>>> print(open('final.cif').read())   # mmCIF, C-alpha atoms and all ligand atoms
data_coords
loop_
_atom_site.label_atom_id
_atom_site.label_comp_id
_atom_site.auth_asym_id
_atom_site.auth_seq_id
_atom_site.Cartn_x
_atom_site.Cartn_y
_atom_site.Cartn_z
CA MET A 26 2.98 -5.06 -8.65
CA PHE A 27 1.11 -2.31 -6.71
CA ALA A 28 2.82 0.51 -8.65
CA GLY A 29 1.62 2.49 -11.68
CA SER A 30 -1.81 3.68 -10.46
CA PRO A 31 -4.28 3.81 -13.39
CA LEU A 32 -6.56 6.31 -11.62
CA ASN A 33 -6.91 10.06 -11.87
CA ARG A 34 -7.32 10.67 -8.15
CA LEU A 35 -8.96 14.08 -8.68
CA SER A 36 -7.41 15.13 -5.38
CA TRP A 37 -8.39 18.76 -5.88
CA LEU A 38 -12.08 17.80 -5.66
CA ARG A 39 -11.85 15.76 -2.46
CA ASN A 40 -12.99 18.68 -0.32
CA SER A 41 -16.22 19.11 -2.33
CA HIS A 42 -19.11 17.20 -0.82
CA SER A 43 -21.34 18.03 -3.78
CA PHE A 44 -18.84 16.38 -6.15
CA LEU A 45 -18.42 13.30 -3.95
CA ASN A 46 -22.18 12.90 -3.35
CA SER A 47 -22.79 13.13 -7.06
CA ILE A 48 -20.07 10.71 -8.16
CA ILE A 49 -20.90 8.13 -5.47
CA ALA A 50 -24.43 7.93 -6.90
CA SER A 51 -23.15 7.18 -10.41
CA PRO A 52 -24.25 3.72 -11.63
CA LYS A 53 -20.73 3.37 -13.06
CA SER A 54 -19.05 3.56 -9.64
CA ARG A 55 -17.24 0.47 -8.45
CA TRP A 56 -16.35 -0.54 -4.90
CA LEU A 57 -13.63 -2.57 -3.33
CA LEU A 58 -14.77 -3.84 0.06
CA PHE A 59 -12.52 -4.94 2.91
CA LYS A 60 -13.16 -6.73 6.17
CA SER A 61 -10.38 -6.28 8.73
CA GLY A 62 -8.03 -5.41 5.87
CA ASN A 63 -8.90 -8.45 3.76
CA PRO A 64 -10.48 -7.72 0.36
CA LEU A 65 -13.67 -9.17 -1.04
CA THR A 66 -12.87 -11.42 -3.98
CA THR A 67 -14.60 -13.54 -6.54
CA LYS A 68 -13.41 -16.47 -8.59
CA THR A 69 -12.75 -16.70 -12.28
CA GLU A 70 -11.24 -19.77 -13.91
CA GLY A 71 -10.39 -21.08 -10.46
CA LYS A 72 -8.41 -17.96 -9.48
CA SER A 73 -9.35 -15.44 -6.79
CA ILE A 74 -9.58 -11.91 -8.14
CA LEU A 75 -10.81 -8.65 -6.62
CA ALA A 76 -14.59 -8.22 -6.63
CA TYR A 77 -15.89 -4.83 -7.74
CA LEU A 78 -19.40 -4.02 -6.54
CA SER A 79 -21.80 -1.23 -7.52
CA THR A 80 -23.00 1.55 -5.22
CA LYS A 81 -26.42 -0.13 -5.21
CA ASP A 82 -24.78 -3.39 -4.07
CA VAL A 83 -23.06 -1.72 -1.12
CA SER A 84 -25.87 0.66 -0.10
CA PRO A 85 -26.72 -1.24 3.15
CA PHE A 86 -23.06 -0.79 4.20
CA ILE A 87 -22.70 2.89 3.35
CA GLY A 88 -25.94 3.99 5.04
CA GLN A 89 -28.20 6.90 4.41
CA ALA A 90 -27.39 9.90 2.17
CA PRO A 91 -25.82 12.38 2.31
CA HIS A 92 -22.63 10.34 2.50
CA PHE A 93 -20.36 13.41 2.51
CA GLY A 94 -20.90 16.87 3.95
CA GLN A 95 -23.10 15.44 6.70
CA GLY A 96 -24.83 17.94 8.92
CA ARG A 97 -25.45 17.82 12.64
CA GLU A 98 -28.81 16.16 12.04
CA SER A 99 -28.96 12.77 10.37
CA GLY A 100 -30.00 12.92 6.71
CA LEU A 101 -29.16 16.62 6.29
CA LEU A 102 -26.24 18.33 4.59
CA THR A 103 -24.01 20.54 6.64
CA SER A 104 -24.80 24.20 6.39
CA GLU A 105 -21.23 25.03 7.45
CA GLU A 106 -19.81 24.43 4.02
CA GLN A 107 -17.06 26.97 3.96
CA ILE A 108 -15.05 25.95 6.99
CA SER A 109 -12.24 23.40 6.83
CA ALA A 110 -13.59 21.35 9.77
CA THR A 111 -16.60 20.24 7.73
CA GLU A 112 -15.16 19.88 4.21
CA ALA A 113 -16.81 16.77 2.76
CA VAL A 114 -17.23 15.62 6.36
CA ARG A 115 -18.46 12.10 7.12
CA HIS A 116 -18.94 11.83 10.87
CA ARG A 117 -21.70 9.22 10.64
CA GLY A 118 -21.04 5.74 9.24
CA SER A 119 -17.74 4.08 8.37
CA PRO A 120 -15.18 6.08 6.38
CA ILE A 121 -15.53 5.89 2.60
CA VAL A 122 -12.45 6.42 0.44
CA PHE A 123 -12.77 7.93 -3.02
CA LEU A 124 -9.88 6.31 -4.89
CA GLY A 125 -10.21 8.15 -8.20
CA LEU A 126 -11.52 7.89 -11.71
CA HIS A 127 -10.34 5.42 -14.33
CA GLU A 128 -10.62 7.54 -17.43
CA ASN A 129 -11.24 6.12 -20.86
CA THR A 130 -8.25 7.94 -22.25
CA SER A 131 -4.82 8.43 -20.80
CA SER A 132 -4.76 12.08 -21.93
CA GLY A 133 -6.57 13.31 -18.83
CA SER A 134 -8.92 15.20 -21.13
CA GLY A 135 -11.82 14.69 -18.74
CA ALA A 136 -9.74 15.87 -15.82
CA LEU A 137 -12.33 18.26 -14.37
CA PRO A 138 -10.11 21.16 -13.38
CA SER A 139 -11.29 22.73 -10.13
CA SER A 140 -11.45 26.12 -11.86
CA GLU A 141 -14.22 24.87 -14.15
CA PHE A 142 -16.06 22.94 -11.48
CA VAL A 143 -19.36 24.66 -10.73
CA ASP A 144 -22.30 22.26 -10.85
CA ALA A 145 -21.40 18.81 -9.49
CA ASP A 146 -24.22 16.86 -11.14
CA LYS A 147 -23.53 18.35 -14.57
CA ALA A 148 -19.80 17.81 -14.22
CA VAL A 149 -20.16 14.20 -13.10
CA ALA A 150 -22.71 13.46 -15.84
CA LYS A 151 -20.08 14.53 -18.37
CA LEU A 152 -17.29 12.44 -16.85
CA GLU A 153 -16.23 9.42 -18.85
CA GLY A 154 -14.75 6.44 -17.09
CA VAL A 155 -15.25 4.44 -13.92
CA PRO A 156 -15.09 6.00 -10.42
CA TYR A 157 -13.61 3.73 -7.73
CA PHE A 158 -14.37 3.69 -4.01
CA ALA A 159 -13.21 1.58 -1.06
CA MET A 160 -14.50 0.82 2.41
CA ASP A 161 -13.70 -1.52 5.30
CA ILE A 162 -16.93 -2.87 6.77
CA SER A 163 -15.47 -4.24 10.03
CA ASP A 164 -16.39 -1.12 12.00
CA LEU A 165 -20.06 -1.57 11.17
CA GLU A 166 -20.09 -4.41 13.70
CA LEU A 167 -22.51 -6.43 11.62
CA GLU A 168 -23.01 -10.09 12.37
CA GLU A 169 -21.84 -12.45 9.64
CA PRO A 170 -25.41 -13.44 8.56
CA ALA A 171 -26.26 -9.75 7.99
CA ILE A 172 -23.11 -9.25 5.90
CA GLN A 173 -23.87 -12.37 3.93
CA ALA A 174 -27.47 -11.30 3.33
CA THR A 175 -26.22 -8.05 1.76
CA LEU A 176 -23.63 -9.83 -0.35
CA ASN A 177 -26.26 -12.30 -1.54
CA GLU A 178 -28.18 -9.40 -3.07
CA THR A 179 -25.24 -8.19 -5.20
CA GLU A 180 -25.25 -8.49 -8.97
CA VAL A 181 -22.17 -10.72 -8.81
CA VAL A 182 -23.79 -13.32 -6.56
CA LYS A 183 -27.09 -13.16 -8.42
CA ALA A 184 -25.14 -13.94 -11.58
CA GLY A 185 -24.00 -17.15 -9.91
CA THR A 186 -20.51 -16.27 -8.62
CA SER A 187 -19.54 -16.54 -4.97
CA LEU A 188 -17.83 -13.81 -2.94
CA THR A 189 -15.18 -14.48 -0.30
CA TRP A 190 -12.84 -12.44 1.90
CA LEU A 191 -9.29 -13.28 0.92
CA ASP A 192 -6.11 -12.93 2.97
CA ALA A 193 -4.72 -9.58 1.78
CA ARG A 194 -1.25 -10.87 0.94
CA SER A 195 -2.67 -13.58 -1.27
CA VAL A 196 -4.02 -10.96 -3.65
CA MET A 197 -0.70 -10.56 -5.40
CA THR A 198 -0.68 -14.19 -6.48
CA ASN A 199 -3.28 -13.58 -9.18
CA ALA A 200 -3.73 -9.81 -9.48
CA ASN A 201 -2.89 -8.03 -12.71
CA LEU A 202 -1.12 -4.65 -12.61
CA PHE A 203 -4.39 -2.68 -12.80
CA ASP A 204 -5.98 -4.49 -9.85
CA GLY A 205 -2.70 -4.50 -7.93
CA ALA A 206 -2.37 -0.71 -8.07
CA ILE A 207 -6.01 -0.08 -7.09
CA PHE A 208 -5.71 -2.61 -4.27
CA ALA A 209 -2.53 -0.96 -2.93
CA GLU A 210 -4.15 2.48 -2.75
CA ALA A 211 -7.39 1.12 -1.33
CA ARG A 212 -5.86 -1.10 1.32
CA SER A 213 -3.45 1.49 2.67
CA MET A 214 -6.24 4.08 2.82
CA VAL A 215 -8.89 1.94 4.54
CA ASP A 216 -6.25 0.77 6.99
CA TRP A 217 -5.25 4.36 7.82
CA ASN A 218 -8.87 5.35 8.37
CA THR A 219 -9.59 2.30 10.52
CA ARG A 220 -6.55 2.65 12.75
CA ASN A 221 -6.77 6.35 13.55
CA ARG A 222 -9.96 6.73 15.49
CA PHE A 223 -8.68 9.20 18.06
CA CYS A 224 -7.00 12.56 17.59
CA PRO A 225 -3.25 12.43 18.33
CA GLY A 226 -3.49 16.13 19.25
CA CYS A 227 -6.07 15.90 22.05
CA GLY A 228 -7.41 12.32 22.29
CA ALA A 229 -10.96 13.16 21.15
CA LYS A 230 -12.72 11.07 18.51
CA GLN A 231 -11.83 11.65 14.86
CA HIS A 232 -13.93 11.41 11.73
CA SER A 233 -13.42 11.29 8.00
CA LEU A 234 -13.07 14.34 5.73
CA TRP A 235 -12.19 14.83 2.05
CA GLY A 236 -13.55 11.51 0.76
CA GLY A 237 -11.46 9.54 3.24
CA TRP A 238 -8.22 11.48 2.65
CA LYS A 239 -8.20 13.57 5.81
CA LEU A 240 -9.13 13.04 9.44
CA GLY A 241 -10.75 15.72 11.54
CA CYS A 242 -10.95 16.13 15.29
CA SER A 243 -14.51 16.07 16.64
CA THR A 244 -13.76 19.07 18.92
CA LEU A 245 -13.46 21.25 15.80
CA MET A 246 -17.03 20.65 14.67
CA PRO A 247 -18.94 23.95 14.75
CA TRP A 248 -21.68 22.67 17.05
CA VAL A 249 -19.44 21.13 19.72
CA ASP A 250 -19.19 22.83 23.09
CA ASN A 251 -15.52 22.88 24.10
CA ALA A 252 -15.98 24.71 27.41
CA GLY A 253 -13.23 23.76 29.85
CA ARG A 254 -11.18 21.99 27.20
CA LYS A 255 -7.85 23.11 25.80
CA PRO A 256 -8.08 23.92 22.07
CA CYS A 257 -6.99 20.95 19.93
CA PRO A 258 -3.63 21.70 18.26
CA SER A 259 -4.94 20.19 14.99
CA GLY A 260 -7.20 23.24 14.64
CA LYS A 261 -4.26 25.45 13.71
CA GLY A 262 -1.70 24.89 10.98
CA LEU A 263 -0.93 21.78 8.99
CA HIS A 264 -0.52 18.48 10.82
CA ASN A 265 0.91 15.31 9.40
CA PHE A 266 -1.37 13.14 11.54
CA THR A 267 -4.47 14.44 9.79
CA HIS A 268 -3.23 13.28 6.37
CA PRO A 269 -2.36 9.72 5.26
CA ARG A 270 1.25 8.65 5.69
CA SER A 271 3.60 6.40 3.74
CA ASP A 272 6.37 4.67 5.68
CA PRO A 273 9.60 4.62 3.63
CA VAL A 274 11.62 1.41 3.67
CA VAL A 275 15.00 0.95 2.01
CA ILE A 276 15.56 -2.39 0.30
CA MET A 277 18.92 -3.03 -1.26
CA LEU A 278 21.38 -5.32 -2.90
CA ALA A 279 25.09 -4.96 -2.28
CA VAL A 280 27.09 -5.68 -5.44
CA ASP A 281 30.80 -6.38 -5.07
CA GLU A 282 33.45 -4.45 -6.99
CA THR A 283 33.73 -7.07 -9.72
CA GLY A 284 29.97 -6.72 -10.31
CA GLU A 285 29.71 -10.53 -10.26
CA LYS A 286 28.45 -11.14 -6.70
CA ILE A 287 25.51 -9.92 -4.63
CA LEU A 288 24.78 -10.14 -0.93
CA LEU A 289 21.53 -11.81 0.06
CA GLY A 290 20.11 -12.50 3.49
CA GLN A 291 17.90 -15.14 5.03
CA ASN A 292 15.36 -13.71 7.45
CA ASN A 293 14.79 -15.41 10.79
CA ARG A 294 11.05 -15.45 10.16
CA PHE A 295 11.25 -17.36 6.89
CA LYS A 296 11.79 -21.06 7.09
CA GLY A 297 13.82 -22.86 4.50
CA GLN A 298 16.45 -21.74 2.03
CA PHE A 299 14.84 -18.42 1.11
CA TYR A 300 17.25 -15.55 0.40
CA SER A 301 16.31 -11.97 -0.38
CA ALA A 302 17.52 -8.37 -0.42
CA LEU A 303 18.26 -6.71 2.92
CA ALA A 304 15.72 -4.09 4.03
CA GLY A 305 14.66 -1.80 6.85
CA PHE A 306 12.64 1.29 7.76
CA ILE A 307 14.25 4.67 7.30
CA GLU A 308 14.72 6.23 10.72
CA PRO A 309 14.22 9.89 11.62
CA GLY A 310 17.28 11.98 10.79
CA GLU A 311 18.39 9.72 7.93
CA THR A 312 18.69 10.09 4.18
CA PHE A 313 18.05 7.12 1.88
CA GLU A 314 21.82 6.65 1.65
CA ASP A 315 22.29 6.73 5.43
CA ALA A 316 19.55 4.13 5.92
CA VAL A 317 21.00 1.80 3.26
CA LYS A 318 24.44 1.97 4.86
CA ARG A 319 23.11 1.49 8.41
CA GLU A 320 20.91 -1.48 7.54
CA MET A 321 23.75 -3.20 5.64
CA TRP A 322 25.99 -2.72 8.65
CA GLU A 323 23.44 -3.76 11.30
CA GLU A 324 22.13 -6.83 9.48
CA ALA A 325 25.25 -8.17 7.79
CA GLY A 326 28.24 -6.23 9.22
CA VAL A 327 28.96 -4.94 5.71
CA LYS A 328 30.17 -1.42 4.93
CA ALA A 329 28.55 -0.08 1.76
CA TRP A 330 29.16 2.92 -0.51
CA ASP A 331 28.01 4.31 -3.89
CA VAL A 332 24.33 3.93 -3.01
CA GLN A 333 22.10 4.39 -6.05
CA TYR A 334 18.34 4.37 -6.48
CA HIS A 335 16.69 1.80 -8.75
CA SER A 336 12.87 2.01 -8.36
CA GLY A 337 10.05 2.01 -5.81
CA GLN A 338 7.08 -0.14 -4.90
CA PRO A 339 4.05 0.70 -2.75
CA TRP A 340 3.64 -2.09 -0.20
CA PRO A 341 0.16 -1.85 1.35
CA PHE A 342 0.81 -3.96 4.47
CA PRO A 343 -0.16 -1.48 5.72
CA ALA A 344 1.44 1.63 4.24
CA SER A 345 5.07 1.13 3.28
CA LEU A 346 6.86 2.59 0.31
CA MET A 347 9.69 0.28 -0.67
CA CYS A 348 12.62 2.24 -2.09
CA GLY A 349 14.97 -0.06 -4.00
CA PHE A 350 18.74 0.56 -4.15
CA TYR A 351 22.00 -0.98 -5.20
CA ALA A 352 25.21 -0.27 -3.29
CA ARG A 353 28.85 -1.28 -3.53
CA ALA A 354 30.47 -3.43 -0.86
CA ASP A 355 33.61 -5.54 -0.50
CA SER A 356 32.85 -9.27 -0.79
CA THR A 357 36.28 -10.20 0.59
CA GLN A 358 35.41 -8.76 4.00
CA PRO A 359 33.73 -11.03 6.58
CA VAL A 360 29.92 -11.06 6.86
CA ARG A 361 28.37 -11.16 10.33
CA THR A 362 24.72 -11.39 11.37
CA ASP A 363 25.21 -11.25 15.13
CA LEU A 364 24.88 -7.46 15.51
CA ASP A 365 21.08 -7.16 15.36
CA ASN A 366 20.37 -10.86 14.77
CA GLU A 367 17.65 -10.11 12.26
CA LEU A 368 19.06 -12.54 9.73
CA SER A 369 19.86 -16.17 10.29
CA ASP A 370 22.34 -16.04 7.41
CA ALA A 371 23.79 -13.59 4.88
CA ARG A 372 26.19 -14.49 2.14
CA TRP A 373 27.56 -13.52 -1.24
CA PHE A 374 26.15 -15.35 -4.26
CA THR A 375 27.67 -15.43 -7.73
CA ARG A 376 25.73 -14.52 -10.84
CA GLN A 377 25.78 -18.17 -11.88
CA GLU A 378 24.30 -19.32 -8.56
CA VAL A 379 21.53 -16.72 -8.77
CA MET A 380 20.79 -17.46 -12.43
CA SER A 381 20.43 -21.17 -11.66
CA VAL A 382 17.64 -20.28 -9.21
CA LEU A 383 15.97 -17.70 -11.47
CA THR A 384 15.81 -20.14 -14.35
CA HIS A 385 14.51 -22.94 -12.14
CA ALA A 386 10.77 -23.62 -12.49
CA THR A 387 10.16 -23.24 -8.75
CA GLY A 388 13.01 -20.86 -7.88
CA SER A 389 10.70 -17.99 -6.86
CA TYR A 390 7.97 -18.18 -4.23
CA LEU A 391 6.32 -15.54 -2.15
CA ASP A 392 3.48 -17.51 -0.65
CA LEU A 393 4.98 -18.09 2.78
CA ALA A 394 2.79 -21.08 3.60
CA LYS A 395 3.82 -22.78 0.40
CA LEU A 396 7.40 -21.68 0.94
CA ALA A 397 7.66 -23.41 4.31
CA GLU A 398 6.05 -26.50 2.91
CA ALA A 399 8.21 -26.54 -0.20
CA SER A 400 11.38 -25.77 1.73
CA SER A 401 10.93 -28.79 3.96
CA GLN A 402 11.45 -30.78 0.79
CA LEU A 403 14.69 -28.98 -0.08
CA ASN A 404 17.70 -31.18 -0.52
CA LYS A 405 15.41 -34.20 -0.44
CA ASP A 406 14.32 -33.85 -3.99
CA ALA A 407 16.79 -33.56 -6.85
CA ASN A 408 14.32 -31.33 -8.72
CA GLU A 409 14.34 -28.65 -6.02
CA PRO A 410 16.45 -25.49 -6.47
CA PRO A 411 19.41 -24.98 -4.07
CA PHE A 412 17.65 -21.94 -2.59
CA ARG A 413 14.78 -19.61 -3.46
CA VAL A 414 14.44 -15.87 -4.11
CA PRO A 415 11.34 -13.61 -4.24
CA PRO A 416 9.36 -13.37 -7.48
CA THR A 417 9.33 -10.12 -9.47
CA THR A 418 5.96 -9.14 -8.01
CA ALA A 419 8.11 -7.92 -5.08
CA ILE A 420 10.79 -5.29 -5.63
CA ALA A 421 13.45 -7.57 -4.12
CA GLY A 422 12.81 -9.98 -6.98
CA VAL A 423 13.16 -7.15 -9.51
CA LEU A 424 16.47 -5.97 -8.00
CA ILE A 425 17.86 -9.51 -8.08
CA LYS A 426 16.68 -10.25 -11.63
CA ASP A 427 17.88 -6.94 -13.10
CA TRP A 428 21.33 -7.45 -11.61
CA ALA A 429 21.48 -11.09 -12.74
CA GLU A 430 20.61 -10.05 -16.29
CA GLY A 431 23.40 -7.49 -16.35
CA LYS A 432 21.16 -4.40 -16.33
CA VAL A 433 22.90 -2.68 -13.43
CA GLN A 434 25.68 -0.19 -13.97
CA PHE A 435 27.25 1.97 -11.34
CA PRO A 436 28.04 5.55 -12.35
CA THR A 437 31.70 6.47 -12.61
CA PHE A 438 31.24 9.47 -10.31
CA SER A 439 30.47 9.51 -6.61
CA VAL A 440 27.84 11.81 -5.16
CA ASN A 441 29.37 14.20 -2.68
CA SER A 442 27.18 13.83 0.38
CA PRO A 443 27.92 13.79 4.11
CA LYS A 444 29.55 10.44 4.85
CA GLY A 445 28.48 9.66 8.42
CA ASN A 446 30.47 7.04 10.28
CA LEU A 447 29.69 4.01 8.11
ZN ZN A 501 -8.05 16.92 18.60
#
>>> encode(input="final.cif", output="structure tokens")
Amino acid sequence: MFAGSPLNRLSWLRNSHSFLNSIIASPKSRWLLFKSGNPLTTKTEGKSILAYLSTKDVSPFIGQAPHFGQGRESGLLTSEEQISATEAVRHRGSPIVFLGLHENTSSGSGALPSSEFVDADKAVAKLEGVPYFAMDISDLELEEPAIQATLNETEVVKAGTSLTWLDARSVMTNANLFDGAIFAEARSMVDWNTRNRFCPGCGAKQHSLWGGWKLGCSTLMPWVDNAGRKPCPSGKGLHNFTHPRSDPVVIMLAVDETGEKILLGQNNRFKGQFYSALAGFIEPGETFEDAVKREMWEEAGVKAWDVQYHSGQPWPFPASLMCGFYARADSTQPVRTDLDNELSDARWFTRQEVMSVLTHATGSYLDLAKLAEASSQLNKDANEPPFRVPPTTAIAGVLIKDWAEGKVQFPTFSVNSPKGNL
């Protein structure tokens, strides 16, 4: 879930306001709307799924054209096209994120290389596929009746289906892989745009550039008088705060030397018998391997070695990149959770114990509300599993399942890297 983006992001065209203005006007374009990070959804066969609206549907939210490359005066294009401070600038209205194009073929044959890009309207007219956009409407400060009035005019509602804002984490309950990947990109991007309103370099207001993929400091606009003000550092060089970030998290399973036991932890925040992989943010000055070893030690008092990568998962709450690992550890050594007290319990489970949960009809839950409710019934009902693990929509569930099914093999060589003190 959330991985495997189906979109050609056309990142090399993000700085072209003529391209973005042309593609946003396409009747094929589809929009994912958010309100305070929660997506707009519709219902089909009783299940909530993402609602995709047309540009016409969302026009009251996106305001007056031009939407990108806005000039000093409202309704006019910028005449300062060639400077980086105004590339596809949107300093009026809420940020709009161009997510990419879902092409009809996977060959990328309609890829629109920047070298051949001359006339935006002609190029966009030739494009095959569906362009996707996203926006969070909370900044518009519209009253609920005004929002509802706009939604009532959408094709979806007119066709008789209702639209509702759904808790973001509930999306993964019903989303397919296509929707999951678009949602992950969209949610992380609208969140980044919403949260970074002021320039970390000088404190002035920021605005959107590059179809929502860059933030610019207002002091760099060509018509701003900066007399008496120190130049903003973001005006020179490349700055990581002007581009979207991903926060890397290591998530890992320790496997003992027999290969028959794994270490799982129970987080303080989760009620009931719910066990999962250990995890934590990578800290500055650490490699993946260092972070895996440190987290294992801090959370469970376990020393780990032979760290190896398995796979990754974007986790858009708000912008994490989960990096999944296996590592070796000694299951005969004591486990302790009193160092950082993040876990209420950590223990080694045998393959048989884990398999009995994986094959149980209700062995995997991620809905925390349901989990708490279901866990209160644990040990009271003979049909309940002895404990629960995450489903495979989360990478922890994938790591657990792949190990349980015997798909994990450690290499016979060790990577020669600095060892640190763990
Ligand atoms: Zn600044």
>>> residues_near_ligand(input="final.cif", ligand="ligand ZN 501 (chain A)", cutoff="9 Å", atoms="all atoms listed in the file", output="ChimeraX atom specification")
/A:223-231,241-245,256-260
>>> write_last_selection(input="final.cif", atoms="C-alpha atoms", output="PDB file, keeping the file's coordinate frame")
ATOM      1  CA  PHE A 223      -8.680   9.200  18.060  1.00  0.00           C
ATOM      2  CA  CYS A 224      -7.000  12.560  17.590  1.00  0.00           C
ATOM      3  CA  PRO A 225      -3.250  12.430  18.330  1.00  0.00           C
ATOM      4  CA  GLY A 226      -3.490  16.130  19.250  1.00  0.00           C
ATOM      5  CA  CYS A 227      -6.070  15.900  22.050  1.00  0.00           C
ATOM      6  CA  GLY A 228      -7.410  12.320  22.290  1.00  0.00           C
ATOM      7  CA  ALA A 229     -10.960  13.160  21.150  1.00  0.00           C
ATOM      8  CA  LYS A 230     -12.720  11.070  18.510  1.00  0.00           C
ATOM      9  CA  GLN A 231     -11.830  11.650  14.860  1.00  0.00           C
ATOM     10  CA  GLY A 241     -10.750  15.720  11.540  1.00  0.00           C
ATOM     11  CA  CYS A 242     -10.950  16.130  15.290  1.00  0.00           C
ATOM     12  CA  SER A 243     -14.510  16.070  16.640  1.00  0.00           C
ATOM     13  CA  THR A 244     -13.760  19.070  18.920  1.00  0.00           C
ATOM     14  CA  LEU A 245     -13.460  21.250  15.800  1.00  0.00           C
ATOM     15  CA  PRO A 256      -8.080  23.920  22.070  1.00  0.00           C
ATOM     16  CA  CYS A 257      -6.990  20.950  19.930  1.00  0.00           C
ATOM     17  CA  PRO A 258      -3.630  21.700  18.260  1.00  0.00           C
ATOM     18  CA  SER A 259      -4.940  20.190  14.990  1.00  0.00           C
ATOM     19  CA  GLY A 260      -7.200  23.240  14.640  1.00  0.00           C
TER      20      GLY A 260
END
>>> closest_residue(input="final.cif", among="A:Lys60, A:Trp235, A:Gly118, A:Ala184", to="A:Phe44", atoms="only C-alpha atoms")
A:Trp235
>>> residues_around(input="final.cif", residues="stretch 411-420 of chain A", least_positions_apart="4", cutoff="9 Å", atoms="all atoms listed in the file", output="JSON, numbers by chain")
{"A": [26, 27, 197, 198, 276, 297, 298, 299, 300, 301, 302, 336, 337, 338, 340, 347, 348, 349, 378, 379, 381, 382, 383, 387, 388, 389, 390, 391, 396, 400, 403, 404, 424, 425, 426]}
>>> residues_around(input="final.cif", residues="A:Leu126", least_positions_apart="5", cutoff="9 Å", atoms="all atoms listed in the file", output="list in words")
Pro31, Leu32, Asn33, Arg34, Leu35, Ser54, Leu152, Glu153, Gly154, Val155, Pro156 and Tyr157 of chain A
>>> residues_around(input="final.cif", residues="A:Val275", least_positions_apart="6", cutoff="12 Å", atoms="all atoms listed in the file", output="NGL selection string")
:A and (302-308 or 311-321 or 332-340 or 345-352 or 420-421)
>>> atom_distance(input="final.cif", atom1="atom CA of A:Trp37", atom2="atom CA of A:Ser271")
19.7 Å
>>> closest_residue(input="final.cif", among="A:Ser84, A:Ser73, A:Ser51, A:Asn218", to="A:Glu178", atoms="all atoms listed in the file")
A:Ser84
>>> closest_residue(input="final.cif", among="A:His264, A:Gln291, A:Lys286, A:Asn199", to="A:Glu70", atoms="only C-alpha atoms")
A:Asn199
>>> atom_distance(input="final.cif", atom1="atom CA of A:Ser139", atom2="atom CA of A:Pro269")
22.0 Å
>>> closest_residue(input="final.cif", among="A:Asn40, A:Thr175, A:Asn63, A:Asn46", to="A:Ser195", atoms="all atoms listed in the file")
A:Asn63
